[in-house]
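What's in protein30.csv: CSV, C-alpha atoms
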chain,number,residue,atom,x,y,z
A,14,MET,CA,-37.5,24.7,12.6
A,15,ASP,CA,-38.7,23.3,9.3
A,16,ARG,CA,-36.8,20.6,7.4
A,17,ALA,CA,-35.2,22.9,4.9
A,18,GLU,CA,-33.8,25.0,7.7
A,19,ALA,CA,-32.4,21.8,9.3
A,20,TYR,CA,-30.6,20.9,6.0
A,21,TYR,CA,-29.2,24.4,5.7
A,22,ASP,CA,-27.8,24.0,9.2
A,23,ASP,CA,-26.4,20.5,8.4
A,24,ALA,CA,-24.5,22.0,5.4
A,25,LEU,CA,-23.1,24.9,7.6
A,26,ARG,CA,-22.1,22.4,10.3
A,27,ALA,CA,-20.3,20.2,7.7
A,28,ILE,CA,-18.5,23.3,6.3
A,29,GLY,CA,-17.4,24.2,9.9
A,30,LEU,CA,-16.2,20.7,10.5
A,31,ILE,CA,-14.2,20.7,7.3
A,32,GLU,CA,-12.6,24.0,8.3
A,33,ALA,CA,-11.8,22.6,11.7
A,34,PHE,CA,-10.3,19.4,10.2
A,35,LEU,CA,-8.0,21.3,7.9
A,36,GLU,CA,-6.9,23.6,10.8
A,37,GLN,CA,-6.3,20.8,13.3
A,38,GLY,CA,-4.4,18.8,10.8
A,39,LYS,CA,-2.4,21.8,9.8
A,40,VAL,CA,-3.4,21.3,6.2
A,41,THR,CA,-2.7,24.4,4.3
A,42,SER,CA,-1.7,23.1,0.8
A,43,ILE,CA,-2.7,20.4,-1.5
A,44,SER,CA,0.6,18.6,-0.7
A,45,ASP,CA,-0.4,18.6,3.0
A,46,TYR,CA,-3.8,17.3,2.0
A,47,ARG,CA,-2.4,14.5,-0.1
A,48,LYS,CA,-0.4,13.3,2.9
A,49,HIS,CA,-3.1,13.4,5.5
A,50,ASP,CA,-5.4,10.4,5.0
A,51,LEU,CA,-7.3,11.1,8.2
A,52,VAL,CA,-8.2,14.6,7.2
A,53,LYS,CA,-9.0,13.5,3.6
A,54,SER,CA,-11.4,10.9,4.9
A,55,ALA,CA,-13.1,13.3,7.3
A,56,VAL,CA,-13.4,16.0,4.7
A,57,GLU,CA,-14.8,13.7,2.1
A,58,ARG,CA,-17.4,12.5,4.6
A,59,GLN,CA,-18.5,16.1,5.3
A,60,LEU,CA,-18.6,16.9,1.5
A,61,GLY,CA,-21.0,13.9,1.1
A,62,ILE,CA,-23.2,15.4,3.9
A,63,ILE,CA,-23.2,18.8,2.2
A,64,GLY,CA,-24.2,17.2,-1.1
A,65,GLU,CA,-27.0,15.3,0.5
A,66,ALA,CA,-28.2,18.4,2.4
A,67,VAL,CA,-28.2,20.5,-0.8
A,68,ASN,CA,-30.1,17.8,-2.6
A,69,ASN,CA,-32.7,17.8,0.1
A,70,ILE,CA,-32.9,21.6,0.2
A,71,ARG,CA,-33.5,21.6,-3.6
A,72,LYS,CA,-36.4,19.3,-3.1
A,73,LEU,CA,-38.0,21.3,-0.2
A,74,ASP,CA,-37.1,24.9,-1.1
A,75,SER,CA,-37.9,25.8,-4.7
A,76,ALA,CA,-36.5,29.3,-4.1
A,77,HIS,CA,-33.1,28.1,-2.7
A,78,MET,CA,-30.2,30.3,-3.6
A,79,ILE,CA,-27.5,27.8,-3.5
A,80,PRO,CA,-24.9,28.5,-6.2
A,81,GLU,CA,-23.8,25.4,-8.2
A,82,ALA,CA,-26.4,23.2,-6.5
A,83,ASP,CA,-26.5,20.8,-9.4
A,84,ARG,CA,-22.7,20.4,-9.4
A,85,ILE,CA,-22.6,20.0,-5.6
A,86,VAL,CA,-25.1,17.1,-5.8
A,87,SER,CA,-23.3,15.6,-8.8
A,88,PHE,CA,-20.0,15.7,-6.9
A,89,ARG,CA,-21.7,14.0,-3.9
A,90,ASN,CA,-23.0,11.2,-6.1
A,91,ARG,CA,-19.6,10.7,-7.6
A,92,LEU,CA,-18.0,10.8,-4.1
A,93,ILE,CA,-20.4,8.2,-2.7
A,94,HIS,CA,-20.8,5.9,-5.7
A,95,SER,CA,-17.5,6.3,-7.6
A,96,TYR,CA,-15.2,7.1,-4.7
A,97,GLU,CA,-12.2,5.5,-6.6
A,98,THR,CA,-12.4,8.3,-9.2
A,99,ILE,CA,-12.0,11.2,-6.7
A,100,GLU,CA,-8.7,13.0,-7.1
A,101,ASP,CA,-7.1,15.4,-4.6
A,102,GLU,CA,-6.5,17.9,-7.4
A,103,PHE,CA,-10.3,18.0,-7.8
A,104,VAL,CA,-11.2,18.2,-4.1
A,105,TRP,CA,-8.7,20.9,-3.1
A,106,PRO,CA,-10.2,23.7,-5.2
A,107,ILE,CA,-13.6,22.8,-3.8
A,108,LEU,CA,-12.3,23.3,-0.3
A,109,MET,CA,-10.4,26.5,-1.0
A,110,LYS,CA,-12.7,28.3,-3.5
A,111,HIS,CA,-16.2,26.8,-3.5
A,112,LEU,CA,-16.9,26.0,0.1
A,113,PRO,CA,-16.3,29.6,1.2
A,114,LEU,CA,-18.8,30.7,-1.4
A,115,LEU,CA,-21.4,28.1,-0.4
A,116,LYS,CA,-20.9,29.1,3.3
A,117,GLU,CA,-21.4,32.8,2.4
A,118,ALA,CA,-24.6,32.1,0.3
A,119,ILE,CA,-26.1,30.1,3.2
A,120,MET,CA,-25.2,32.7,5.8
A,121,ARG,CA,-26.7,35.5,3.6
A,122,ARG,CA,-29.9,33.5,3.4
A,123,LYS,CA,-30.1,33.1,7.1
A,124,GLN,CA,-29.8,36.8,7.8
A,125,PRO,CA,-33.1,38.6,8.4

Have the structure of the file written as structure tokens, please.
Amino acid sequence: MDRAEAYYDDALRAIGLIEAFLEQGKVTSISDYRKHDLVKSAVERQLGIIGEAVNNIRKLDSAHMIPEADRIVSFRNRLIHSYETIEDEFVWPILMKHLPLLKEAIMRRKQP
């Protein structure tokens, strides 16, 4: 497996973990998310991993088909370097809307 493929796999694994954290924590709404510090911490860690993986993919795979790659990396940078500015109202739509789209795009890429 080449390095780019490993980063795609890292992103998919992180998405799967986020899905599992939300399910296990019974987090189905933003109000649930706000109250669940353990889930928020775990989710934000995986979002950082996704951002780093996408950044590395961009460097290695010039033909990458990751939608919103620049925004994903920018969010990762903000999450890591300006964590105090991250608001739940910003994260929740990422989890509900954008992560499924990212997962779908990576899965389509992996299909023969």

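Counting all atoms listed in the file, the residue from A:Met120, A:Leu92, A:Asp22, A:Ser42 that sits nearest to A:Glu57 is A:Leu92.
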
Please list, as a VMD selection string, the residues that have an atom at most 10 Å away from (-13.9, 23.4, 5.7) in the coordinates of this file, counting only C-alpha atoms. chain A and resid 25 to 36 56 59 to 60 107 to 109 112 to 113 116

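As for atom CA of A:Ala66 and atom CA of A:Glu97, they are spaced 22.4 Å apart.
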
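Around A:Arg16, within 12 Å and counting only C-alpha atoms, the residues found are Asp22, Asp23, Ala66, Val67, Asn69, Ile70, Arg71, Lys72, Leu73 and Asp74 of chain A, once anything fewer than 6 positions away on its own chain is removed.
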
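Using only C-alpha atoms, the protein and nucleic acid residues lying no more than 12 Å from stretch 88-90 of chain A, apart from those fewer than 6 places from it along its own chain, are Glu57, Arg58, Gln59, Leu60, Gly61, Ile62, Ile63, Gly64, Glu65, Ala66, Val67, Asn68, Glu81, Ala82, Tyr96, Thr98, Ile99, Glu100, Phe103, Val104 and Ile107 of chain A.
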
Judged by all atoms listed in the file, the minimum distance to A:Ser44 among A:Asp101, A:Leu115, A:Pro106, A:Asp83 is found for A:Asp101

Out of A:His49, A:Lys110, A:Arg122, A:Lys39, which residue has the shortest atom-to-atom distance to A:Ile79 when counting all atoms listed in the file? A:Arg122
